[in-house]
file my_file.csv (CSV, C-alpha atoms)
chain,number,residue,atom,x,y,z
A,1,MET,CA,-26.7,-46.4,-64.2
A,2,ALA,CA,-23.8,-48.6,-62.8
A,3,SER,CA,-20.5,-47.2,-61.8
A,4,VAL,CA,-17.0,-48.6,-61.4
A,5,ASN,CA,-14.3,-47.6,-58.9
A,6,LYS,CA,-11.4,-49.9,-59.7
A,7,VAL,CA,-7.6,-49.5,-59.3
A,8,ILE,CA,-4.8,-51.8,-60.4
A,9,LEU,CA,-1.3,-51.1,-59.2
A,10,VAL,CA,1.9,-53.0,-60.1
A,11,GLY,CA,4.8,-51.5,-58.2
A,12,ASN,CA,7.3,-51.8,-55.3
A,13,CYS,CA,6.5,-51.8,-51.6
A,14,GLY,CA,7.9,-48.6,-50.2
A,15,ARG,CA,8.0,-49.6,-46.5
A,16,ASP,CA,7.2,-52.6,-44.4
A,17,PRO,CA,3.5,-52.9,-43.6
A,18,GLU,CA,2.2,-51.4,-40.4
A,19,ILE,CA,-0.4,-53.7,-38.8
A,20,ARG,CA,-2.9,-52.8,-36.2
A,21,TYR,CA,-6.1,-54.2,-34.9
A,22,LEU,CA,-9.4,-52.3,-34.5
A,23,PRO,CA,-11.4,-52.8,-31.2
A,24,SER,CA,-13.6,-55.2,-33.2
A,25,GLY,CA,-10.6,-57.4,-33.8
A,26,GLN,CA,-10.4,-56.6,-37.5
A,27,ALA,CA,-6.8,-56.4,-38.8
A,28,VAL,CA,-5.7,-53.4,-40.8
A,29,ALA,CA,-2.4,-53.0,-42.6
A,30,ASN,CA,-1.1,-49.8,-44.3
A,31,VAL,CA,1.7,-49.7,-46.8
A,32,SER,CA,2.9,-47.4,-49.6
A,33,VAL,CA,3.4,-48.7,-53.1
A,34,ALA,CA,5.6,-46.9,-55.7
A,35,THR,CA,4.8,-47.0,-59.4
A,36,SER,CA,7.1,-45.5,-62.0
A,37,SER,CA,6.7,-44.4,-65.6
A,38,ARG,CA,9.4,-43.3,-68.0
A,39,ARG,CA,9.2,-40.7,-70.7
A,40,LYS,CA,11.6,-38.9,-72.9
A,41,ASP,CA,12.1,-35.1,-72.3
A,42,LYS,CA,11.3,-33.2,-75.5
A,43,ASN,CA,14.0,-30.6,-75.0
A,44,SER,CA,17.0,-32.5,-73.8
A,45,GLY,CA,16.1,-36.0,-75.1
A,46,GLU,CA,17.0,-37.7,-71.8
A,47,MET,CA,14.8,-40.2,-70.1
A,48,ILE,CA,12.8,-38.9,-67.1
A,49,GLU,CA,11.4,-41.3,-64.5
A,50,ASP,CA,8.3,-40.2,-62.7
A,51,THR,CA,7.5,-42.0,-59.5
A,52,GLN,CA,4.0,-41.9,-57.8
A,53,TRP,CA,3.4,-43.0,-54.3
A,54,HIS,CA,0.1,-44.7,-53.3
A,55,ARG,CA,-1.2,-45.3,-49.8
A,56,VAL,CA,-2.7,-48.8,-49.7
A,57,THR,CA,-4.9,-50.2,-46.9
A,58,PHE,CA,-5.6,-53.9,-46.5
A,59,TYR,CA,-8.3,-55.3,-44.2
A,60,ASP,CA,-9.0,-58.6,-42.4
A,61,ARG,CA,-7.1,-61.7,-43.6
A,62,LEU,CA,-5.6,-59.8,-46.5
A,63,ALA,CA,-4.0,-57.4,-44.0
A,64,GLU,CA,-2.5,-60.3,-42.0
A,65,ILE,CA,-1.1,-61.8,-45.3
A,66,ALA,CA,0.3,-58.4,-46.3
A,67,GLY,CA,1.9,-58.0,-42.9
A,68,GLU,CA,3.6,-61.4,-43.1
A,69,TYR,CA,4.8,-61.5,-46.7
A,70,LEU,CA,5.2,-57.9,-47.9
A,71,LYS,CA,8.5,-56.2,-47.3
A,72,LYS,CA,10.1,-53.0,-48.3
A,73,GLY,CA,11.3,-53.1,-52.0
A,74,ARG,CA,9.3,-56.2,-52.8
A,75,PRO,CA,7.2,-56.1,-56.1
A,76,VAL,CA,3.5,-56.4,-55.6
A,77,TYR,CA,0.2,-56.4,-57.6
A,78,VAL,CA,-2.7,-54.7,-55.8
A,79,GLU,CA,-6.3,-54.4,-56.9
A,80,GLY,CA,-8.8,-52.3,-55.1
A,81,ARG,CA,-10.8,-49.0,-55.1
A,82,ILE,CA,-10.0,-45.4,-54.5
A,83,LYS,CA,-11.3,-43.7,-51.3
A,84,TYR,CA,-11.0,-39.9,-51.0
A,85,GLY,CA,-11.1,-38.2,-47.6
A,86,LYS,CA,-10.4,-35.0,-45.7
A,87,PHE,CA,-8.8,-34.2,-42.4
A,88,THR,CA,-7.7,-31.2,-40.4
A,89,ASN,CA,-4.0,-31.2,-39.6
A,90,LYS,CA,-2.6,-29.9,-36.3
A,91,ASP,CA,-2.3,-26.4,-37.7
A,92,GLY,CA,-6.0,-26.3,-38.5
A,93,VAL,CA,-5.6,-26.6,-42.2
A,94,GLU,CA,-7.9,-29.0,-44.0
A,95,GLN,CA,-6.1,-31.5,-46.2
A,96,ASN,CA,-7.3,-34.0,-48.8
A,97,THR,CA,-6.3,-37.7,-48.8
A,98,CYS,CA,-6.5,-40.4,-51.4
A,99,ASP,CA,-6.2,-44.0,-50.4
A,100,ILE,CA,-6.4,-47.4,-52.2
A,101,ILE,CA,-8.6,-49.9,-50.3
A,102,ALA,CA,-7.1,-53.2,-51.5
A,103,THR,CA,-9.4,-56.1,-52.3
A,104,GLU,CA,-6.7,-58.4,-53.9
A,105,MET,CA,-3.0,-58.7,-53.6
A,106,GLN,CA,-0.4,-60.9,-55.4
A,107,LEU,CA,3.3,-61.1,-54.6
A,108,LEU,CA,5.5,-60.7,-57.6
A,109,GLY,CA,9.2,-61.7,-58.2
A,110,GLY,CA,11.1,-64.5,-56.7
A,111,ARG,CA,10.6,-66.1,-53.3
A,112,GLU,CA,12.8,-64.7,-50.6
A,113,GLY,CA,15.2,-67.0,-48.9
A,114,SER,CA,14.1,-70.2,-50.7
A,115,GLY,CA,17.6,-70.7,-52.3
A,116,GLY,CA,15.9,-72.5,-55.2
A,117,PRO,CA,15.6,-71.7,-58.9
A,118,GLU,CA,12.8,-69.2,-58.1
A,119,GLU,CA,15.3,-66.9,-56.4
A,120,ASP,CA,16.0,-65.2,-59.7
A,121,GLY,CA,12.4,-64.2,-60.3
A,122,GLY,CA,11.5,-67.3,-62.3
A,123,GLY,CA,8.4,-68.2,-60.3
A,124,ALA,CA,6.6,-66.3,-57.6
A,125,PRO,CA,3.7,-66.8,-55.3
A,126,ARG,CA,0.9,-65.2,-57.1
A,127,ARG,CA,-1.8,-65.8,-54.5
A,128,SER,CA,-3.2,-63.8,-51.7
A,129,ALA,CA,-3.1,-66.9,-49.4
A,130,PRO,CA,-0.1,-68.1,-47.4
A,131,PRO,CA,1.7,-71.2,-48.5
A,132,ALA,CA,0.1,-73.3,-45.8
A,133,ALA,CA,-3.4,-72.5,-47.2
A,134,ARG,CA,-2.5,-73.7,-50.7
A,135,PRO,CA,-3.9,-77.1,-51.7
A,136,ALA,CA,-1.6,-80.0,-51.7
A,137,PRO,CA,-1.0,-81.8,-55.1
A,138,SER,CA,-3.3,-84.7,-55.7
A,139,ALA,CA,-1.8,-88.1,-54.8
A,140,ALA,CA,-4.3,-89.9,-57.0
A,141,PRO,CA,-2.7,-92.2,-59.6
A,142,ARG,CA,-2.8,-91.0,-63.2
A,143,PRO,CA,-4.7,-93.2,-65.7
A,144,GLN,CA,-2.4,-95.1,-68.0
A,145,ALA,CA,-2.6,-94.5,-71.7
A,146,PRO,CA,-4.0,-97.6,-73.6
A,147,ALA,CA,-1.3,-99.8,-75.2
A,148,LYS,CA,-1.0,-99.4,-78.9
A,149,SER,CA,-1.7,-102.5,-81.1
A,150,ALA,CA,0.3,-103.4,-84.2
A,151,SER,CA,-2.7,-102.5,-86.5
A,152,GLY,CA,-2.6,-98.7,-85.6
A,153,PHE,CA,-6.5,-98.5,-86.0
A,154,GLU,CA,-7.4,-98.2,-82.2
A,155,ASP,CA,-8.0,-94.4,-82.5
A,156,MET,CA,-10.5,-94.8,-85.4
A,157,ASP,CA,-14.1,-94.0,-84.7
A,158,ASP,CA,-16.6,-96.9,-85.2
A,159,ASP,CA,-19.4,-94.5,-86.0
A,160,ILE,CA,-18.5,-94.0,-89.6
A,161,PRO,CA,-21.7,-92.9,-91.5
A,162,PHE,CA,-21.0,-94.7,-94.7
call {"tool": "encode", "arguments": {"input": "my_file.csv", "output": "structure tokens"}}
result
Amino acid sequence: MASVNKVILVGNCGRDPEIRYLPSGQAVANVSVATSSRRKDKNSGEMIEDTQWHRVTFYDRLAEIAGEYLKKGRPVYVEGRIKYGKFTNKDGVEQNTCDIIATEMQLLGGREGSGGPEEDGGGAPRRSAPPAARPAPSAAPRPQAPAKSASGFEDMDDDIPF
């Protein structure tokens, strides 16, 4: 039977990414992402906000992109899988870990420092590739619409069955 291990997070970056390179040359970036939910307290009736922190790890080109574009406080969409682990701390106590291994990332919100209309969050880069890797708009001329004649029958189909 098939199984699924998939996580989708939409939250805010809790700190600037830490980038390092493995001996193989593979880039690795670590960041924390905060997600929040709100609920109403049954007793007092006040809204309570619950924030969860997620450790996210990016690899290869995605790690380099995260290191360049993610900043503390920036909203981000992350897709990946959960990875559980254990380690023994310096006191000899075994501790469990839970990490998100990212496979996709999209920056949300406005562009930083652009000064344009996108500054207010109207449009955001929603790709995992840097702007230089985005395809340029096509310079090919657009086909012109046919001129309308005075009769108004140019859109009629000639294959009328009767």
call {"tool": "atom_distance", "arguments": {"input": "my_file.csv", "atom1": "atom CA of Thr57 of chain A", "atom2": "atom CA of Gly73 of chain A"}}
result
17.2 Å
call {"tool": "residues_near_point", "arguments": {"input": "my_file.csv", "point": "(2.7, -60.6, -39.0)", "cutoff": "12 Å", "atoms": "all atoms listed in the file", "output": "JSON list (two decimals) with C-alpha atoms, in the coordinates of the input"}}
result
[["chain", "number", "residue", "atom", "x", "y", "z"],
["A", 16, "ASP", "CA", 7.20, -52.60, -44.40],
["A", 17, "PRO", "CA", 3.50, -52.90, -43.60],
["A", 18, "GLU", "CA", 2.20, -51.40, -40.40],
["A", 19, "ILE", "CA", -0.40, -53.70, -38.80],
["A", 20, "ARG", "CA", -2.90, -52.80, -36.20],
["A", 21, "TYR", "CA", -6.10, -54.20, -34.90],
["A", 27, "ALA", "CA", -6.80, -56.40, -38.80],
["A", 28, "VAL", "CA", -5.70, -53.40, -40.80],
["A", 29, "ALA", "CA", -2.40, -53.00, -42.60],
["A", 61, "ARG", "CA", -7.10, -61.70, -43.60],
["A", 62, "LEU", "CA", -5.60, -59.80, -46.50],
["A", 63, "ALA", "CA", -4.00, -57.40, -44.00],
["A", 64, "GLU", "CA", -2.50, -60.30, -42.00],
["A", 65, "ILE", "CA", -1.10, -61.80, -45.30],
["A", 66, "ALA", "CA", 0.30, -58.40, -46.30],
["A", 67, "GLY", "CA", 1.90, -58.00, -42.90],
["A", 68, "GLU", "CA", 3.60, -61.40, -43.10],
["A", 69, "TYR", "CA", 4.80, -61.50, -46.70],
["A", 70, "LEU", "CA", 5.20, -57.90, -47.90],
["A", 71, "LYS", "CA", 8.50, -56.20, -47.30],
["A", 130, "PRO", "CA", -0.10, -68.10, -47.40]]
call {"tool": "residues_near_point", "arguments": {"input": "my_file.csv", "point": "(-1.0, -46.5, -60.9)", "cutoff": "7 Å", "atoms": "only C-alpha atoms", "output": "ChimeraX atom specification"}}
result
/A:8-9,35
call {"tool": "atom_distance", "arguments": {"input": "my_file.csv", "atom1": "atom CA of Cys13 of chain A", "atom2": "atom CA of Tyr84 of chain A"}}
result
21.2 Å
call {"tool": "atom_distance", "arguments": {"input": "my_file.csv", "atom1": "atom CA of Ile101 of chain A", "atom2": "atom CA of Ala34 of chain A"}}
result
15.5 Å
call {"tool": "closest_residue", "arguments": {"input": "my_file.csv", "among": "A:Leu107, A:Val93, A:Ala102, A:Val33", "to": "Asn12 of chain A", "atoms": "only C-alpha atoms"}}
result
A:Val33
call {"tool": "residues_around", "arguments": {"input": "my_file.csv", "residues": "Phe87 of chain A", "least_positions_apart": "5", "cutoff": "8 Å", "atoms": "all atoms listed in the file", "output": "ChimeraX atom specification"}}
result
/A:94-97
call {"tool": "closest_residue", "arguments": {"input": "my_file.csv", "among": "A:Arg39, A:Lys90, A:Arg74, A:Arg81", "to": "Val7 of chain A", "atoms": "only C-alpha atoms"}}
result
A:Arg81
call {"tool": "closest_residue", "arguments": {"input": "my_file.csv", "among": "A:Val10, A:Ile100, A:Val56, A:Val76", "to": "Asn30 of chain A", "atoms": "all atoms listed in the file"}}
result
A:Val56
call {"tool": "closest_residue", "arguments": {"input": "my_file.csv", "among": "A:Asn89, A:Ile82, A:Cys98, A:Phe58", "to": "Val4 of chain A", "atoms": "only C-alpha atoms"}}
result
A:Ile82
call {"tool": "closest_residue", "arguments": {"input": "my_file.csv", "among": "A:Met1, A:Asp60, A:Lys86, A:Lys72", "to": "Gln26 of chain A", "atoms": "all atoms listed in the file"}}
result
A:Asp60
call {"tool": "build_atoms", "arguments": {"input": "my_file.csv", "residues": "segment 61-82 of chain A", "atoms": "N, CA and C atoms", "output": "CSV table (one decimal), in the coordinates of the input"}}
result
chain,number,residue,atom,x,y,z
A,61,ARG,N,-8.2,-60.7,-43.4
A,61,ARG,CA,-7.1,-61.7,-43.6
A,61,ARG,C,-6.1,-61.2,-44.6
A,62,LEU,N,-6.5,-60.4,-45.6
A,62,LEU,CA,-5.6,-59.8,-46.5
A,62,LEU,C,-4.5,-58.9,-45.8
A,63,ALA,N,-5.0,-58.2,-44.8
A,63,ALA,CA,-4.0,-57.4,-44.0
A,63,ALA,C,-3.0,-58.3,-43.3
A,64,GLU,N,-3.4,-59.4,-42.7
A,64,GLU,CA,-2.5,-60.3,-42.0
A,64,GLU,C,-1.5,-60.9,-43.0
A,65,ILE,N,-2.0,-61.3,-44.2
A,65,ILE,CA,-1.1,-61.8,-45.3
A,65,ILE,C,-0.1,-60.8,-45.7
A,66,ALA,N,-0.6,-59.5,-45.9
A,66,ALA,CA,0.3,-58.4,-46.3
A,66,ALA,C,1.4,-58.2,-45.2
A,67,GLY,N,1.0,-58.2,-44.0
A,67,GLY,CA,1.9,-58.0,-42.9
A,67,GLY,C,3.0,-59.1,-42.8
A,68,GLU,N,2.6,-60.3,-43.2
A,68,GLU,CA,3.6,-61.4,-43.1
A,68,GLU,C,4.5,-61.5,-44.3
A,69,TYR,N,4.0,-61.2,-45.5
A,69,TYR,CA,4.8,-61.5,-46.7
A,69,TYR,C,5.3,-60.2,-47.4
A,70,LEU,N,4.7,-59.1,-47.3
A,70,LEU,CA,5.2,-57.9,-47.9
A,70,LEU,C,6.4,-57.3,-47.2
A,71,LYS,N,7.4,-56.9,-47.9
A,71,LYS,CA,8.5,-56.2,-47.3
A,71,LYS,C,8.9,-55.1,-48.2
A,72,LYS,N,9.7,-54.1,-47.6
A,72,LYS,CA,10.1,-53.0,-48.3
A,72,LYS,C,10.9,-53.4,-49.6
A,73,GLY,N,10.6,-52.8,-50.7
A,73,GLY,CA,11.3,-53.1,-52.0
A,73,GLY,C,10.7,-54.3,-52.8
A,74,ARG,N,9.8,-55.0,-52.2
A,74,ARG,CA,9.3,-56.2,-52.8
A,74,ARG,C,8.2,-55.8,-53.9
A,75,PRO,N,8.3,-56.4,-55.1
A,75,PRO,CA,7.2,-56.1,-56.1
A,75,PRO,C,5.9,-56.7,-55.7
A,76,VAL,N,4.8,-55.9,-56.0
A,76,VAL,CA,3.5,-56.4,-55.6
A,76,VAL,C,2.5,-55.9,-56.6
A,77,TYR,N,1.4,-56.7,-56.8
A,77,TYR,CA,0.2,-56.4,-57.6
A,77,TYR,C,-0.9,-56.1,-56.6
A,78,VAL,N,-1.6,-55.0,-56.7
A,78,VAL,CA,-2.7,-54.7,-55.8
A,78,VAL,C,-3.9,-54.3,-56.6
A,79,GLU,N,-5.0,-54.8,-56.3
A,79,GLU,CA,-6.3,-54.4,-56.9
A,79,GLU,C,-7.2,-53.9,-55.8
A,80,GLY,N,-7.9,-52.8,-56.1
A,80,GLY,CA,-8.8,-52.3,-55.1
A,80,GLY,C,-9.6,-51.1,-55.6
A,81,ARG,N,-10.0,-50.2,-54.7
A,81,ARG,CA,-10.8,-49.0,-55.1
A,81,ARG,C,-10.2,-47.8,-54.4
A,82,ILE,N,-10.5,-46.6,-55.0
A,82,ILE,CA,-10.0,-45.4,-54.5
A,82,ILE,C,-11.0,-44.9,-53.4
